[in-house]
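A.B. asks: Just one file: final-v7.cif, with mmCIF, C-alpha atoms and all ligand atoms.
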data_target
loop_
_atom_site.label_atom_id
_atom_site.label_comp_id
_atom_site.auth_asym_id
_atom_site.auth_seq_id
_atom_site.Cartn_x
_atom_site.Cartn_y
_atom_site.Cartn_z
CA MET A 1 91.24 67.92 117.28
CA THR A 2 89.09 68.51 114.23
CA ASP A 3 88.97 71.43 111.81
CA THR A 4 86.16 73.00 113.78
CA ALA A 5 87.98 72.91 117.12
CA VAL A 6 87.59 76.02 119.25
CA LEU A 7 91.01 77.46 119.93
CA PRO A 8 92.05 80.00 122.54
CA VAL A 9 93.11 83.35 121.14
CA THR A 10 96.22 83.58 123.26
CA ASP A 11 98.33 80.94 121.53
CA ALA A 12 99.25 83.22 118.62
CA PRO A 13 101.97 85.83 119.15
CA ALA A 14 100.87 89.26 117.90
CA THR A 15 103.68 90.32 115.65
CA VAL A 16 106.17 87.61 114.83
CA PRO A 17 106.42 87.18 111.06
CA ALA A 18 106.97 83.73 109.58
CA ALA A 19 108.91 82.59 106.53
CA LEU A 20 106.97 80.88 103.76
CA GLU A 21 108.52 78.70 101.09
CA ALA A 22 106.82 77.19 98.07
CA ARG A 23 108.57 74.15 96.63
CA ALA A 24 107.69 72.84 93.18
CA VAL A 25 104.06 73.99 93.50
CA SER A 26 101.79 72.82 90.68
CA ALA A 27 98.06 73.49 90.39
CA TRP A 28 95.23 72.24 88.22
CA PHE A 29 91.59 73.10 87.60
CA GLY A 30 90.19 69.77 86.36
CA GLY A 31 92.49 68.72 83.53
CA HIS A 32 93.87 72.25 83.03
CA GLN A 33 97.29 72.73 84.61
CA VAL A 34 97.77 76.40 85.50
CA LEU A 35 101.03 76.27 87.53
CA SER A 36 104.05 74.06 87.00
CA ARG A 37 106.63 73.45 89.72
CA VAL A 38 106.80 76.98 91.09
CA SER A 39 109.36 77.54 93.85
CA LEU A 40 109.69 80.75 95.79
CA THR A 41 110.97 81.79 99.20
CA MET A 42 108.99 84.54 100.90
CA PRO A 43 111.23 85.75 103.74
CA ALA A 44 109.83 86.56 107.18
CA GLY A 45 108.86 90.20 107.67
CA ARG A 46 109.31 91.11 104.00
CA VAL A 47 106.85 92.13 101.29
CA THR A 48 106.88 89.89 98.21
CA ALA A 49 105.01 91.14 95.12
CA LEU A 50 103.71 88.66 92.53
CA ILE A 51 103.57 90.38 89.15
CA GLY A 52 102.77 89.25 85.62
CA PRO A 53 100.11 89.41 82.92
CA SER A 54 96.52 88.33 83.46
CA GLY A 55 95.88 84.60 83.65
CA CYS A 56 99.45 83.48 84.43
CA GLY A 57 98.45 81.95 87.78
CA LYS A 58 99.40 84.59 90.38
CA SER A 59 96.10 84.39 92.28
CA THR A 60 96.08 80.61 92.06
CA PHE A 61 99.60 80.52 93.48
CA LEU A 62 98.52 82.85 96.29
CA ARG A 63 95.55 80.59 97.10
CA THR A 64 97.78 77.51 97.28
CA LEU A 65 99.78 79.18 100.07
CA ASN A 66 96.94 79.03 102.64
CA ARG A 67 95.14 76.02 101.14
CA MET A 68 92.24 78.00 99.72
CA HIS A 69 92.89 76.44 96.31
CA GLU A 70 91.71 73.05 97.49
CA LEU A 71 88.23 74.42 98.28
CA ILE A 72 87.50 74.92 94.56
CA PRO A 73 85.71 71.88 93.11
CA GLY A 74 87.99 69.98 90.74
CA ALA A 75 91.11 71.80 91.90
CA ALA A 76 94.28 69.77 92.46
CA PHE A 77 97.63 70.64 94.00
CA GLY A 78 101.15 69.26 93.92
CA GLY A 79 104.29 70.29 95.77
CA GLU A 80 104.97 71.67 99.21
CA VAL A 81 104.34 74.93 101.08
CA LEU A 82 106.58 75.32 104.10
CA PHE A 83 105.55 77.62 106.95
CA GLU A 84 108.62 78.07 109.14
CA GLY A 85 109.90 74.83 107.63
CA GLU A 86 106.69 72.82 108.24
CA ASP A 87 104.56 71.65 105.31
CA VAL A 88 101.08 73.18 105.58
CA TYR A 89 99.81 70.28 103.42
CA ALA A 90 101.18 67.53 105.71
CA PRO A 91 98.34 65.04 106.42
CA GLU A 92 98.38 65.72 110.16
CA ARG A 93 98.00 69.49 109.59
CA ARG A 94 94.55 70.98 109.94
CA LEU A 95 93.10 73.30 107.33
CA THR A 96 92.24 75.84 110.02
CA ASP A 97 95.90 76.01 111.08
CA ALA A 98 96.79 77.35 107.64
CA ARG A 99 93.90 79.84 107.72
CA ARG A 100 94.78 81.19 111.14
CA ARG A 101 98.46 81.54 110.45
CA ILE A 102 98.12 82.78 106.89
CA GLY A 103 95.43 85.46 106.52
CA MET A 104 93.98 86.78 103.28
CA VAL A 105 92.59 90.03 101.91
CA PHE A 106 90.73 90.04 98.61
CA GLN A 107 90.45 92.33 95.60
CA LYS A 108 87.05 93.72 96.47
CA PRO A 109 86.52 94.93 100.04
CA ASN A 110 84.09 92.36 101.48
CA PRO A 111 83.08 93.39 105.02
CA PHE A 112 79.70 92.15 106.26
CA PRO A 113 77.84 95.37 105.37
CA ALA A 114 75.09 95.28 108.00
CA MET A 115 77.40 94.11 110.78
CA SER A 116 79.06 96.70 113.02
CA ILE A 117 82.69 97.69 112.57
CA TYR A 118 83.45 95.97 115.90
CA ASP A 119 81.68 92.75 114.93
CA ASN A 120 83.34 92.73 111.52
CA VAL A 121 86.75 92.61 113.19
CA VAL A 122 85.61 89.95 115.67
CA ALA A 123 84.17 87.91 112.79
CA GLY A 124 87.77 87.11 111.88
CA LEU A 125 88.00 85.10 115.09
CA LYS A 126 84.76 83.23 114.53
CA LEU A 127 85.62 82.30 110.96
CA THR A 128 88.75 80.50 112.12
CA GLY A 129 87.22 78.96 115.26
CA VAL A 130 89.12 81.10 117.78
CA ARG A 131 87.46 81.78 121.16
CA ALA A 132 87.97 85.05 123.05
CA SER A 133 86.53 86.72 126.15
CA ARG A 134 84.80 90.12 125.92
CA ARG A 135 87.92 91.87 127.21
CA GLU A 136 90.18 90.02 124.79
CA LYS A 137 87.83 90.98 121.98
CA ASP A 138 87.91 94.66 122.97
CA GLU A 139 91.70 94.57 123.00
CA LEU A 140 91.94 92.71 119.74
CA VAL A 141 89.53 95.09 118.00
CA GLU A 142 91.62 98.09 119.02
CA GLU A 143 94.90 96.32 118.24
CA SER A 144 93.71 95.09 114.82
CA LEU A 145 92.15 98.41 113.77
CA THR A 146 95.30 100.22 114.89
CA ARG A 147 97.54 97.89 112.93
CA ALA A 148 95.28 98.30 109.90
CA GLY A 149 95.58 102.10 110.19
CA LEU A 150 91.85 102.61 110.84
CA TRP A 151 91.49 103.00 114.62
CA LYS A 152 91.63 106.79 114.78
CA GLU A 153 88.98 107.11 112.07
CA VAL A 154 86.47 104.70 113.62
CA ARG A 155 87.14 104.60 117.37
CA ASP A 156 84.04 106.70 118.07
CA ARG A 157 81.71 104.70 115.83
CA LEU A 158 82.55 101.05 116.38
CA ARG A 159 78.84 100.17 116.47
CA ARG A 160 78.11 101.70 113.06
CA PRO A 161 77.75 99.27 110.15
CA GLY A 162 80.88 98.30 108.24
CA GLY A 163 79.03 98.99 105.00
CA ALA A 164 78.79 102.70 105.89
CA LEU A 165 82.55 103.19 105.54
CA SER A 166 84.24 104.38 102.34
CA GLY A 167 85.68 101.75 99.99
CA GLY A 168 89.21 102.35 101.22
CA GLN A 169 88.14 102.22 104.87
CA GLN A 170 86.23 98.99 104.14
CA GLN A 171 89.40 97.46 102.72
CA ARG A 172 91.35 98.49 105.84
CA LEU A 173 88.50 96.98 107.92
CA CYS A 174 89.01 93.73 106.01
CA ILE A 175 92.73 93.95 106.78
CA ALA A 176 91.83 94.44 110.47
CA ARG A 177 89.50 91.42 110.30
CA ALA A 178 92.34 89.34 108.85
CA LEU A 179 94.77 90.63 111.51
CA ALA A 180 92.40 89.80 114.39
CA VAL A 181 93.58 86.18 114.51
CA ARG A 182 97.17 87.43 114.58
CA PRO A 183 98.33 85.65 111.44
CA ARG A 184 102.05 85.58 110.77
CA VAL A 185 101.62 85.89 107.01
CA LEU A 186 99.13 88.07 105.11
CA LEU A 187 98.17 87.30 101.51
CA MET A 188 96.72 90.22 99.51
CA ASP A 189 95.12 89.64 96.11
CA GLU A 190 95.12 92.98 94.26
CA PRO A 191 93.90 94.75 97.42
CA CYS A 192 93.77 98.20 95.80
CA SER A 193 92.35 97.46 92.37
CA ALA A 194 88.84 98.58 93.41
CA LEU A 195 90.10 101.71 95.24
CA ASP A 196 90.69 105.34 94.26
CA PRO A 197 94.27 106.70 94.35
CA THR A 198 93.94 108.27 97.84
CA SER A 199 92.54 105.08 99.38
CA THR A 200 95.21 103.11 97.54
CA ARG A 201 97.87 105.26 99.21
CA ARG A 202 96.36 104.63 102.64
CA VAL A 203 96.37 100.87 102.09
CA GLU A 204 99.96 101.09 100.86
CA GLU A 205 100.87 103.02 104.03
CA THR A 206 99.24 100.26 106.05
CA ILE A 207 101.37 97.71 104.21
CA GLN A 208 104.47 99.77 105.02
CA ASP A 209 103.43 99.96 108.69
CA LEU A 210 102.87 96.20 108.88
CA ARG A 211 106.26 95.48 107.37
CA ASP A 212 108.52 93.71 109.89
CA GLN A 213 105.48 92.62 111.93
CA ILE A 214 104.08 90.21 109.36
CA THR A 215 105.16 88.56 106.12
CA ILE A 216 103.18 89.95 103.17
CA VAL A 217 102.61 88.41 99.75
CA ILE A 218 100.75 90.73 97.39
CA VAL A 219 99.44 90.23 93.85
CA THR A 220 99.42 93.49 91.95
CA HIS A 221 99.03 94.67 88.36
CA ASN A 222 100.26 98.10 89.31
CA MET A 223 104.00 98.26 88.69
CA GLN A 224 104.39 101.52 90.62
CA GLN A 225 102.72 99.85 93.56
CA ALA A 226 105.03 96.83 93.35
CA ALA A 227 108.00 99.21 93.25
CA ARG A 228 106.68 101.24 96.20
CA VAL A 229 105.67 98.50 98.61
CA SER A 230 107.71 95.36 97.93
CA ASP A 231 111.15 94.14 98.95
CA GLN A 232 111.22 91.42 96.33
CA CYS A 233 109.22 90.60 93.21
CA ALA A 234 108.44 87.38 91.38
CA PHE A 235 107.51 87.69 87.70
CA PHE A 236 105.01 85.04 86.56
CA LEU A 237 104.32 84.13 82.95
CA ALA A 238 102.26 81.48 81.15
CA GLU A 239 103.50 81.32 77.57
CA GLN A 240 101.52 79.93 74.65
CA GLY A 241 99.07 77.80 76.60
CA THR A 242 101.72 76.37 78.92
CA PRO A 243 101.17 76.38 82.71
CA GLY A 244 102.31 79.47 84.60
CA GLY A 245 105.71 79.67 86.21
CA ILE A 246 108.19 82.18 87.59
CA VAL A 247 110.49 83.63 84.93
CA GLU A 248 112.59 85.56 87.41
CA HIS A 249 112.51 86.77 90.99
CA GLY A 250 114.76 88.98 93.06
CA PRO A 251 115.06 92.22 94.99
CA THR A 252 112.52 94.76 93.68
CA GLU A 253 115.16 97.33 92.81
CA GLN A 254 117.01 94.78 90.69
CA MET A 255 113.84 93.49 89.02
CA PHE A 256 112.94 97.01 87.91
CA ASN A 257 116.39 98.39 87.09
CA SER A 258 118.46 95.47 85.89
CA PRO A 259 116.34 92.35 85.31
CA ALA A 260 118.19 89.32 83.96
CA ASP A 261 115.46 88.22 81.55
CA GLU A 262 114.31 90.29 78.59
CA ARG A 263 110.67 89.30 79.21
CA THR A 264 110.86 90.76 82.72
CA ALA A 265 112.37 93.97 81.33
CA ASP A 266 109.57 94.23 78.75
CA TYR A 267 106.87 93.58 81.34
CA VAL A 268 108.06 96.01 84.01
CA ALA A 269 108.52 98.68 81.32
CA GLY A 270 104.87 98.18 80.30
CA ARG A 271 105.65 96.80 76.82
CA PHE A 272 103.16 93.91 77.26
CA GLY A 273 100.55 92.56 79.65
N1 LIG B 1 87.95 78.64 89.63
C1 LIG B 1 88.57 78.38 88.47
N2 LIG B 1 88.15 77.37 87.68
C2 LIG B 1 88.77 77.08 86.51
N3 LIG B 1 89.83 77.77 86.03
C3 LIG B 1 90.30 78.78 86.78
C4 LIG B 1 89.69 79.15 88.03
N4 LIG B 1 90.37 80.21 88.54
C5 LIG B 1 91.36 80.48 87.65
N5 LIG B 1 91.31 79.64 86.59
C6 LIG B 1 92.23 79.63 85.43
O1 LIG B 1 93.56 79.49 85.93
C7 LIG B 1 94.46 80.28 85.19
C8 LIG B 1 95.20 81.20 86.16
O2 LIG B 1 94.28 82.12 86.74
P1 LIG B 1 94.69 83.12 87.90
O3 LIG B 1 93.47 83.85 88.30
O4 LIG B 1 95.46 82.39 88.92
O5 LIG B 1 95.69 84.09 87.11
P2 LIG B 1 96.18 85.54 87.51
O6 LIG B 1 97.58 85.64 87.02
O7 LIG B 1 95.94 85.78 88.94
O8 LIG B 1 95.22 86.44 86.63
P3 LIG B 1 94.67 87.92 86.94
O9 LIG B 1 95.88 88.75 87.01
O10 LIG B 1 93.80 88.22 85.76
O11 LIG B 1 93.91 87.83 88.23
C9 LIG B 1 93.63 81.03 84.16
O12 LIG B 1 93.73 80.32 82.94
C10 LIG B 1 92.23 80.97 84.72
O13 LIG B 1 91.30 80.97 83.67
#
Mind converting the file's structure to structure tokens?

C.D. replies:
Amino acid sequence: MTDTAVLPVTDAPATVPAALEARAVSAWFGGHQVLSRVSLTMPAGRVTALIGPSGCGKSTFLRTLNRMHELIPGAAFGGEVLFEGEDVYAPERRLTDARRRIGMVFQKPNPFPAMSIYDNVVAGLKLTGVRASRREKDELVEESLTRAGLWKEVRDRLRRPGGALSGGQQQRLCIARALAVRPRVLLMDEPCSALDPTSTRRVEETIQDLRDQITIVIVTHNMQQAARVSDQCAFFLAEQGTPGGIVEHGPTEQMFNSPADERTADYVAGRFG
């Protein structure tokens, strides 16, 4: 099969989280190395927060996990990313496999504004080449909007444009769109940075609700958010022009209350970055 193969919707279980493991991941933009041999285990059904100052490679690391990094012209990658023990970069693996299994939500809510709420959710299927009948689509739309914590707010106006929703609702619509292909991992790149505090809380509640059903990896600059939503944290740093790497990782409680490295202690206390 090719990358554009049409796949049936039924071959993906709805809520079985998968473990992800990065092994010695390095990344470059042209001649500029931005990550050096980063290893991290992201356990199934847990929330992993990637924290650290701006420019240390958190978003790049996130994009290597579902092979989005390789779409950027001049970008190069080294290392392995194991999804349930299988390398997503193995030559026989299709790019669309990684996209279907490992969904992504971006910083700025990016629904298709003129498209209906219903079609926005279904667009998740089309983007990854998944085929579904009308009935399957109806079920998936309800299931995905429910899991994203938006169903009750929009069930009576599924034909209204996605762009008419509030910013926070739009972000939950984007979460629903990502969930529509039933990924087993969800990557979130600062999903609340464009949202007001109330909408941020709602998205955080959604993350809490999805816990156990899906593995989540979230980049956040908000230390309170990392403390509230994550089970484990990885602290990234790129010192003095060197490529980014993980200084320390561990259970969130430990990272905030008794970090091993002084730089982690300074960062989580807000003394730099
Ligand atoms: N498309 C790109 N082309 C070239 N360089 C890039 C590109 N994207 C990121 N970089 C560079 O890679 C390095 C890491 O960037 P990245 O966005 O991964 O860091 P980050 O820790 O996520 O930062 P922030 O917290 O500000 O989002 C930076 O030096 C950045 O300038």

A.B. asks: Residues within 9 Å of ligand LIG 1 (chain B), counting only C-alpha atoms and all ligand atoms: report them as an NGL selection string.

C.D. replies: :A and (27-30 or 32-35 or 50-63 or 69 or 72-75 or 189-190 or 219-221 or 236-238 or 241 or 243-244)

A.B. asks: Can you list, as a PyMOL selection string, every protein, DNA or RNA residue that comes within 12 Å of Glu136 in chain A when you count all atoms listed in the file, leaving out same-chain residues fewer than 3 positions away?

C.D. replies: chain A and resi 8-10+122+125+130-133+139-144+180-181

A.B. asks: May I have the residues from that selection written out with C-alpha atoms, as a compact mmCIF listing (two decimals), in the frame of the given file?

C.D. replies:
# COMPACT_ATOMS: atom_id res chain seq x y z
CA PRO A 8 92.05 80.00 122.54
CA VAL A 9 93.11 83.35 121.14
CA THR A 10 96.22 83.58 123.26
CA VAL A 122 85.61 89.95 115.67
CA LEU A 125 88.00 85.10 115.09
CA VAL A 130 89.12 81.10 117.78
CA ARG A 131 87.46 81.78 121.16
CA ALA A 132 87.97 85.05 123.05
CA SER A 133 86.53 86.72 126.15
CA GLU A 139 91.70 94.57 123.00
CA LEU A 140 91.94 92.71 119.74
CA VAL A 141 89.53 95.09 118.00
CA GLU A 142 91.62 98.09 119.02
CA GLU A 143 94.90 96.32 118.24
CA SER A 144 93.71 95.09 114.82
CA ALA A 180 92.40 89.80 114.39
CA VAL A 181 93.58 86.18 114.51

A.B. asks: Mind checking which residues fall within 12 Å of Met223 in chain A, counting only C-alpha atoms, ignoring those fewer than 4 positions away in the same chain, and posting them as a PyMOL selection string?

C.D. replies: chain A and resi 49-53+190+218-219+227-230+233+235+252-253+255-256+264-265+267-270+273

A.B. asks: What are the closest atom pairs, with distances in Å to one decimal, for each residue of range 18-99 of chain A lying within 12 Å of range 196-208 of chain A, using all atoms listed in the file, rows by chain and rising residue number, as a tab-separated table?

C.D. replies:
residue	atom	partner	partner_atom	distance
A:Gly45	CA	A:Gln208	CA	10.9
A:Arg46	CA	A:Gln208	CA	10.0
A:Val47	CA	A:Ile207	CA	8.3
A:Thr48	CA	A:Ile207	CA	11.3
A:Ala49	CA	A:Ile207	CA	11.8

A.B. asks: Give me the residues near Ile117 in chain A as a PyMOL selection string, where near means some atom within 12 Å (using all atoms listed in the file) and where sequence neighbours in that chain fewer than 2 positions away do not count.

C.D. replies: chain A and resi 111-115+119-124+141-142+144-145+150-151+153-165+169-174+176-177

A.B. asks: Please produce a file of those selected residues containing C-alpha atoms, as a compact mmCIF listing (two decimals), in the coordinates of the input.

C.D. replies:
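This went into result01.txt:
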# COMPACT_ATOMS: atom_id res chain seq x y z
CA PRO A 111 83.08 93.39 105.02
CA PHE A 112 79.70 92.15 106.26
CA PRO A 113 77.84 95.37 105.37
CA ALA A 114 75.09 95.28 108.00
CA MET A 115 77.40 94.11 110.78
CA ASP A 119 81.68 92.75 114.93
CA ASN A 120 83.34 92.73 111.52
CA VAL A 121 86.75 92.61 113.19
CA VAL A 122 85.61 89.95 115.67
CA ALA A 123 84.17 87.91 112.79
CA GLY A 124 87.77 87.11 111.88
CA VAL A 141 89.53 95.09 118.00
CA GLU A 142 91.62 98.09 119.02
CA SER A 144 93.71 95.09 114.82
CA LEU A 145 92.15 98.41 113.77
CA LEU A 150 91.85 102.61 110.84
CA TRP A 151 91.49 103.00 114.62
CA GLU A 153 88.98 107.11 112.07
CA VAL A 154 86.47 104.70 113.62
CA ARG A 155 87.14 104.60 117.37
CA ASP A 156 84.04 106.70 118.07
CA ARG A 157 81.71 104.70 115.83
CA LEU A 158 82.55 101.05 116.38
CA ARG A 159 78.84 100.17 116.47
CA ARG A 160 78.11 101.70 113.06
CA PRO A 161 77.75 99.27 110.15
CA GLY A 162 80.88 98.30 108.24
CA GLY A 163 79.03 98.99 105.00
CA ALA A 164 78.79 102.70 105.89
CA LEU A 165 82.55 103.19 105.54
CA GLN A 169 88.14 102.22 104.87
CA GLN A 170 86.23 98.99 104.14
CA GLN A 171 89.40 97.46 102.72
CA ARG A 172 91.35 98.49 105.84
CA LEU A 173 88.50 96.98 107.92
CA CYS A 174 89.01 93.73 106.01
CA ALA A 176 91.83 94.44 110.47
CA ARG A 177 89.50 91.42 110.30

A.B. asks: Give me, please, the distance in Å between CA of Ala98 in chain A and CA of Leu65 in chain A, quoted to one decimal.

C.D. replies: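 It comes out at 8.3 Å.
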
A.B. asks: If I take CA of Ala148 in chain A and CA of Val16 in chain A, how far is one from the other in Å, to one decimal?

C.D. replies: 16.0 Å

A.B. asks: From the set A:Tyr118, A:Ala234, A:Asp266, A:Thr41, which residue has the shortest atom-to-atom contact distance to Arg134 in chain A, counting all atoms listed in the file?

C.D. replies: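 Ranking A:Tyr118, A:Ala234, A:Asp266, A:Thr41 by distance to Arg134 in chain A, first place goes to A:Tyr118.
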
A.B. asks: Excluding Ile216 in chain A and any residue of its chain fewer than 5 positions from it, enumerate the residues within 6 Å of it, using only C-alpha atoms, and give them as a list in words.

C.D. replies: Val47, Val185, Leu186 and Leu187 of chain A

A.B. asks: Taking all atoms listed in the file into account, name the residue in A:Ser193, A:Thr146, A:Thr96, A:Gln240 that is nearest to Gly129 in chain A.

C.D. replies: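 Among A:Ser193, A:Thr146, A:Thr96, A:Gln240, it is A:Thr96 that comes nearest to Gly129 in chain A.
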
A.B. asks: From the structure just shown, export range 24-46 of chain A with N, CA and C atoms as a PDB file, in the first residue's frame.

C.D. replies:
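selection_26.pdb, written as the output of this step:
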ATOM      1  N   ALA A  24      17.701   8.178  21.617  1.00  0.00           N
ATOM      2  CA  ALA A  24      18.821   8.937  21.022  1.00  0.00           C
ATOM      3  C   ALA A  24      18.352   9.777  19.836  1.00  0.00           C
ATOM      4  N   VAL A  25      17.259  10.531  20.030  1.00  0.00           N
ATOM      5  CA  VAL A  25      16.716  11.349  18.941  1.00  0.00           C
ATOM      6  C   VAL A  25      17.552  12.628  18.756  1.00  0.00           C
ATOM      7  N   SER A  26      18.016  12.824  17.532  1.00  0.00           N
ATOM      8  CA  SER A  26      18.708  14.064  17.173  1.00  0.00           C
ATOM      9  C   SER A  26      17.935  14.708  16.031  1.00  0.00           C
ATOM     10  N   ALA A  27      18.017  16.040  15.952  1.00  0.00           N
ATOM     11  CA  ALA A  27      17.309  16.732  14.868  1.00  0.00           C
ATOM     12  C   ALA A  27      18.122  17.937  14.411  1.00  0.00           C
ATOM     13  N   TRP A  28      18.022  18.192  13.111  1.00  0.00           N
ATOM     14  CA  TRP A  28      18.731  19.303  12.490  1.00  0.00           C
ATOM     15  C   TRP A  28      17.773  20.095  11.600  1.00  0.00           C
ATOM     16  N   PHE A  29      18.048  21.409  11.505  1.00  0.00           N
ATOM     17  CA  PHE A  29      17.460  22.234  10.439  1.00  0.00           C
ATOM     18  C   PHE A  29      18.647  22.682   9.604  1.00  0.00           C
ATOM     19  N   GLY A  30      18.817  22.146   8.394  1.00  0.00           N
ATOM     20  CA  GLY A  30      20.029  22.399   7.621  1.00  0.00           C
ATOM     21  C   GLY A  30      21.234  21.955   8.446  1.00  0.00           C
ATOM     22  N   GLY A  31      22.207  22.858   8.594  1.00  0.00           N
ATOM     23  CA  GLY A  31      23.405  22.504   9.357  1.00  0.00           C
ATOM     24  C   GLY A  31      23.270  22.756  10.851  1.00  0.00           C
ATOM     25  N   HIS A  32      22.111  23.222  11.292  1.00  0.00           N
ATOM     26  CA  HIS A  32      21.912  23.611  12.693  1.00  0.00           C
ATOM     27  C   HIS A  32      21.310  22.446  13.479  1.00  0.00           C
ATOM     28  N   GLN A  33      22.114  21.869  14.365  1.00  0.00           N
ATOM     29  CA  GLN A  33      21.583  20.756  15.178  1.00  0.00           C
ATOM     30  C   GLN A  33      20.834  21.326  16.378  1.00  0.00           C
ATOM     31  N   VAL A  34      19.568  20.948  16.529  1.00  0.00           N
ATOM     32  CA  VAL A  34      18.746  21.522  17.610  1.00  0.00           C
ATOM     33  C   VAL A  34      18.418  20.504  18.706  1.00  0.00           C
ATOM     34  N   LEU A  35      18.632  19.211  18.449  1.00  0.00           N
ATOM     35  CA  LEU A  35      18.447  18.187  19.488  1.00  0.00           C
ATOM     36  C   LEU A  35      19.598  17.200  19.383  1.00  0.00           C
ATOM     37  N   SER A  36      20.107  16.761  20.524  1.00  0.00           N
ATOM     38  CA  SER A  36      21.194  15.795  20.503  1.00  0.00           C
ATOM     39  C   SER A  36      20.876  14.593  21.396  1.00  0.00           C
ATOM     40  N   ARG A  37      20.658  13.474  20.749  1.00  0.00           N
ATOM     41  CA  ARG A  37      20.506  12.171  21.417  1.00  0.00           C
ATOM     42  C   ARG A  37      19.565  12.217  22.622  1.00  0.00           C
ATOM     43  N   VAL A  38      18.334  12.622  22.352  1.00  0.00           N
ATOM     44  CA  VAL A  38      17.332  12.724  23.416  1.00  0.00           C
ATOM     45  C   VAL A  38      16.595  11.392  23.562  1.00  0.00           C
ATOM     46  N   SER A  39      16.588  10.852  24.761  1.00  0.00           N
ATOM     47  CA  SER A  39      15.857   9.607  25.024  1.00  0.00           C
ATOM     48  C   SER A  39      14.808   9.860  26.095  1.00  0.00           C
ATOM     49  N   LEU A  40      13.620   9.343  25.850  1.00  0.00           N
ATOM     50  CA  LEU A  40      12.539   9.541  26.815  1.00  0.00           C
ATOM     51  C   LEU A  40      11.468   8.478  26.595  1.00  0.00           C
ATOM     52  N   THR A  41      11.015   7.881  27.694  1.00  0.00           N
ATOM     53  CA  THR A  41       9.897   6.944  27.609  1.00  0.00           C
ATOM     54  C   THR A  41       8.627   7.668  28.005  1.00  0.00           C
ATOM     55  N   MET A  42       7.604   7.561  27.158  1.00  0.00           N
ATOM     56  CA  MET A  42       6.315   8.177  27.441  1.00  0.00           C
ATOM     57  C   MET A  42       5.318   7.035  27.647  1.00  0.00           C
ATOM     58  N   PRO A  43       5.040   6.697  28.926  1.00  0.00           N
ATOM     59  CA  PRO A  43       4.261   5.489  29.199  1.00  0.00           C
ATOM     60  C   PRO A  43       2.823   5.575  28.683  1.00  0.00           C
ATOM     61  N   ALA A  44       2.268   4.422  28.367  1.00  0.00           N
ATOM     62  CA  ALA A  44       0.902   4.343  27.847  1.00  0.00           C
ATOM     63  C   ALA A  44      -0.089   4.885  28.869  1.00  0.00           C
ATOM     64  N   GLY A  45      -1.022   5.720  28.398  1.00  0.00           N
ATOM     65  CA  GLY A  45      -2.093   6.204  29.264  1.00  0.00           C
ATOM     66  C   GLY A  45      -1.637   7.218  30.303  1.00  0.00           C
ATOM     67  N   ARG A  46      -0.473   7.811  30.092  1.00  0.00           N
ATOM     68  CA  ARG A  46       0.024   8.831  31.025  1.00  0.00           C
ATOM     69  C   ARG A  46       0.211  10.148  30.284  1.00  0.00           C
TER      70      ARG A  46
END
